[in-house]
Each structure stands twice: as C-alpha cells, then as structure tokens.
Amino acid sequence: MKELEQKVLKDGKVLPGGVLKVDSFLNHQIDPQILMAMANELKRLYDGYGINKVMTVEASGIAIAVFAAYVFNCRAVFAKKSKTSNISDDVYSAEVRSFTHGNTNTVVCSKEYLCKGDKVLIVDDFLAHGEALRGLISICEQAGAEVVGCGIAIEKVFQGGGNELREKGIRVESLCKIASMSDTSLEIC
Ligand code: 5GP
C-alpha cells in the first residue's frame with residue numbers, strides 16, 4: 001500500500017535489534033486517516049469471506065482492529081496480556097514471546113467474545129518472527145473459530161515469521177513489506 005510505504009520511509013526510525021519505530025502515526029500518536037485507508041485496503045483484500053470478527057492482541061494492534069472492524073461492520077476483540085498465572089476456565093489462552101520486550105506473556109481471550117464458527121481476520125501492527133500471530137491463531141483454534149487470514153500493517157520480511165505462516169497455509173497479507181533494515185537504510189520489498 002503506497003501511502004503506508006511512503007509514511008514508513010518518511011517517518012520510520014530504525015532502532016538497534018531490528019526494531020522500527022513508527023510512533024508518529026501508529027504506535028504512540030495515531031493517524032486516523034492512514035488507519036482508515038489501511039482498513040479499506042484490508043476490506044478490499046478480504047471482501048466476501050464472511051468475516052464477522054477482527055482480532056488482535058493488546059495494545060498496539062487495537063487501533064488497527066477497531067478501524068478494520070468498522071469497515072467489516074463487525075466487532076473487534078483483543079487478547080489481553082494476563083496479569084495473573086491463575087488462568088480461569090472462562091478464557092482461551094496462549095503464550096506469546098514479545099519481540100520488543102523479550103519477555104513471554106500469557107495472552108487471554110474471554111470465551112464469551114470468540115465462538116465456534118466465527119470467521120476471524122487477525123490484525124497487528126508488525127509481523128516479525130510470527131509469535132503474536134501464532135498465539136492468536138492458537139486461541140482461534142481453541143475456540144473452534146476459523147482464521148480467514150491475517151492483515152498486517154508492517155511485515156519485516158527478513159525476520160521470517162510471515163513466510164513461515166504462509167508455508168503452513170495461513171493467508172497473510174501485509175500492507176507494507178520491509179525487505180531489509182540497517183542503521184542507515186530501510187528497503188521496501
Ligand atoms: P512477532 O510476534 O511477529 O515476532 O512480533 C510482532 C509483535 O511485536 C507486534 O505485536 C509488535 O507489537 C511487536 N513488534 C515487532 N517488531 C516491531 C517493530 O519493529 N517495531 C514495533 N514498534 N513493534 C514491533
């Protein structure tokens with residue numbers, strides 16, 4: 001998606017460890033115009049598949065999920081990072097290693113908000129090694145919900161997660177794909 005690629009090239013800041021900072025429009029300050037354009041692009045890509053739920057994990061996927069759910073005319077649900085180790089029977093849960101923080105969180109989703117037969121679009125801001133998506137896919141499997149596909153704002157292709165998921169037959173659509181990053185350059189696919 002040209003508009004997003006241009007924004008990443010203009011405003012993205014490369015940090016050590018293969019991290020890209022896009023705080024000016026996605027991760028701290030939020031630009032609703034680009035988020036609506038992204039949601040419309042996801043609608044174009046996934047139109048006609050009967051998506052009735054958009055899912056993400058807190059916190060940075062939530063804004064994208066809400067805009068996407070608006071254009072798909074359905075609900076957005078986000079998995080929460082559980083604060084306790086006592087996981088109740090009322091939730092589906094998965095372990096997710098955080099790319100940016102290096103720790104592992106148990107993420108949970110209430111059984112009330114994800115049901116057997118739901119057709120789910122999973123969205124997130126970044127795709128690196130694929131840990132977050134794997135956790136969300138596991139939660140959908142536990143619920144008996146169908147993952148129609150994933151919609152990602154920025155995929156760092158060189159970190160491999162996206163292609164691993166595609167090889168497993170999961171549809172992954174990324175609106176901006178980064179081929180490589182270094183301290184001095186950022187190359188879009
Ligand atoms: P993965 O689970 O695919 O390894 O990493 C994706 C998750 O880590 C996303 O939910 C995102 O919040 C975070 N993340 C991964 N890479 C980056 C990055 O370069 N910049 C930012 N801001 N977040 C990232």
# chains A, B, ... in the order shown; residues from 1 in each chain; ligands from 1
>>> select_by_dssp(residues="region 35-64 of chain A", states="strand (DSSP E or B)", output="list in words")
Lys53, Val54, Met55, Thr56 and Val57 of chain A
>>> write_last_selection(atoms="all heavy atoms", output="PDB file, in the first residue's frame")
ATOM      1  N   LYS A  53     -15.490 -11.160  12.724  1.00  0.00           N
ATOM      2  CA  LYS A  53     -14.747 -10.716  13.908  1.00  0.00           C
ATOM      3  C   LYS A  53     -13.318 -10.349  13.498  1.00  0.00           C
ATOM      4  O   LYS A  53     -12.703 -11.043  12.680  1.00  0.00           O
ATOM      5  CB  LYS A  53     -14.695 -11.826  14.951  1.00  0.00           C
ATOM      6  CG  LYS A  53     -14.364 -11.329  16.326  1.00  0.00           C
ATOM      7  CD  LYS A  53     -15.078 -12.121  17.401  1.00  0.00           C
ATOM      8  CE  LYS A  53     -16.566 -11.842  17.465  1.00  0.00           C
ATOM      9  NZ  LYS A  53     -17.279 -12.656  18.444  1.00  0.00           N
ATOM     10  N   VAL A  54     -12.844  -9.240  14.039  1.00  0.00           N
ATOM     11  CA  VAL A  54     -11.445  -8.860  13.829  1.00  0.00           C
ATOM     12  C   VAL A  54     -10.756  -9.016  15.167  1.00  0.00           C
ATOM     13  O   VAL A  54     -11.255  -8.563  16.201  1.00  0.00           O
ATOM     14  CB  VAL A  54     -11.324  -7.409  13.314  1.00  0.00           C
ATOM     15  CG1 VAL A  54      -9.860  -7.033  13.144  1.00  0.00           C
ATOM     16  CG2 VAL A  54     -12.062  -7.247  11.989  1.00  0.00           C
ATOM     17  N   MET A  55      -9.608  -9.693  15.145  1.00  0.00           N
ATOM     18  CA  MET A  55      -8.937  -9.995  16.405  1.00  0.00           C
ATOM     19  C   MET A  55      -7.505  -9.475  16.397  1.00  0.00           C
ATOM     20  O   MET A  55      -6.840  -9.472  15.365  1.00  0.00           O
ATOM     21  CB  MET A  55      -8.928 -11.509  16.600  1.00  0.00           C
ATOM     22  CG  MET A  55      -8.447 -11.892  17.965  1.00  0.00           C
ATOM     23  SD  MET A  55      -8.428 -13.652  18.186  1.00  0.00           S
ATOM     24  CE  MET A  55      -8.252 -13.679  19.947  1.00  0.00           C
ATOM     25  N   THR A  56      -7.041  -9.046  17.578  1.00  0.00           N
ATOM     26  CA  THR A  56      -5.652  -8.635  17.723  1.00  0.00           C
ATOM     27  C   THR A  56      -5.223  -8.887  19.160  1.00  0.00           C
ATOM     28  O   THR A  56      -5.934  -9.525  19.923  1.00  0.00           O
ATOM     29  CB  THR A  56      -5.479  -7.155  17.323  1.00  0.00           C
ATOM     30  OG1 THR A  56      -4.072  -6.855  17.247  1.00  0.00           O
ATOM     31  CG2 THR A  56      -6.121  -6.207  18.345  1.00  0.00           C
ATOM     32  N   VAL A  57      -4.014  -8.411  19.483  1.00  0.00           N
ATOM     33  CA  VAL A  57      -3.517  -8.527  20.854  1.00  0.00           C
ATOM     34  C   VAL A  57      -3.194  -7.120  21.347  1.00  0.00           C
ATOM     35  O   VAL A  57      -2.756  -6.269  20.578  1.00  0.00           O
ATOM     36  CB  VAL A  57      -2.303  -9.486  20.909  1.00  0.00           C
ATOM     37  CG1 VAL A  57      -1.156  -9.015  20.038  1.00  0.00           C
ATOM     38  CG2 VAL A  57      -1.838  -9.719  22.340  1.00  0.00           C
TER      39      VAL A  57
END
>>> residues_around(residues="Leu15 (chain A)", least_positions_apart="2", cutoff="12 Å", atoms="only C-alpha atoms", output="ChimeraX atom specification")
/A:12-13,17-22,100,181-186
>>> residues_around(residues="region 163-167 of chain A", least_positions_apart="2", cutoff="9 Å", atoms="only C-alpha atoms", output="list in words")
His129, Gly130, Leu133, Arg134, Val157, Gly160, Gly161, Gly169, Ile170, Arg171 and Val172 of chain A
>>> write_last_selection(atoms="C-alpha atoms", output="JSON list (two decimals), in the first residue's frame")
[["chain", "number", "residue", "atom", "x", "y", "z"],
["A", 129, "HIS", "CA", 9.01, -13.73, 13.95],
["A", 130, "GLY", "CA", 5.30, -14.51, 13.99],
["A", 133, "LEU", "CA", 0.09, -14.31, 15.23],
["A", 134, "ARG", "CA", 0.81, -17.91, 16.29],
["A", 157, "VAL", "CA", 10.13, -9.99, 5.81],
["A", 160, "GLY", "CA", 10.91, -14.73, 8.64],
["A", 161, "GLY", "CA", 7.64, -15.05, 10.59],
["A", 169, "GLY", "CA", -1.19, -22.45, 4.64],
["A", 170, "ILE", "CA", -2.20, -19.33, 6.59],
["A", 171, "ARG", "CA", -3.11, -16.36, 4.41],
["A", 172, "VAL", "CA", -1.01, -13.38, 5.49]]
>>> select_by_dssp(residues="region 34-130 of chain A", states="alpha helix (DSSP H)", output="PyMOL selection string")
chain A and resi 34-46+62-72
>>> residues_around(residues="Gly61 (chain A)", least_positions_apart="6", cutoff="12 Å", atoms="only C-alpha atoms", output="MDAnalysis selection string")
chainID A and resid 26:28 30 35 54:55 67:68 76:80 122:127 132:133 136 151:154
>>> closest_residue(among="A:Val120, A:Ile188, A:Ile137, A:Val96", to="ligand 1", atoms="only C-alpha atoms and all ligand atoms")
A:Val96
>>> closest_residue(among="A:Glu112, A:Asp118, A:Glu146, A:Glu58", to="ligand 1", atoms="only C-alpha atoms and all ligand atoms")
A:Glu58
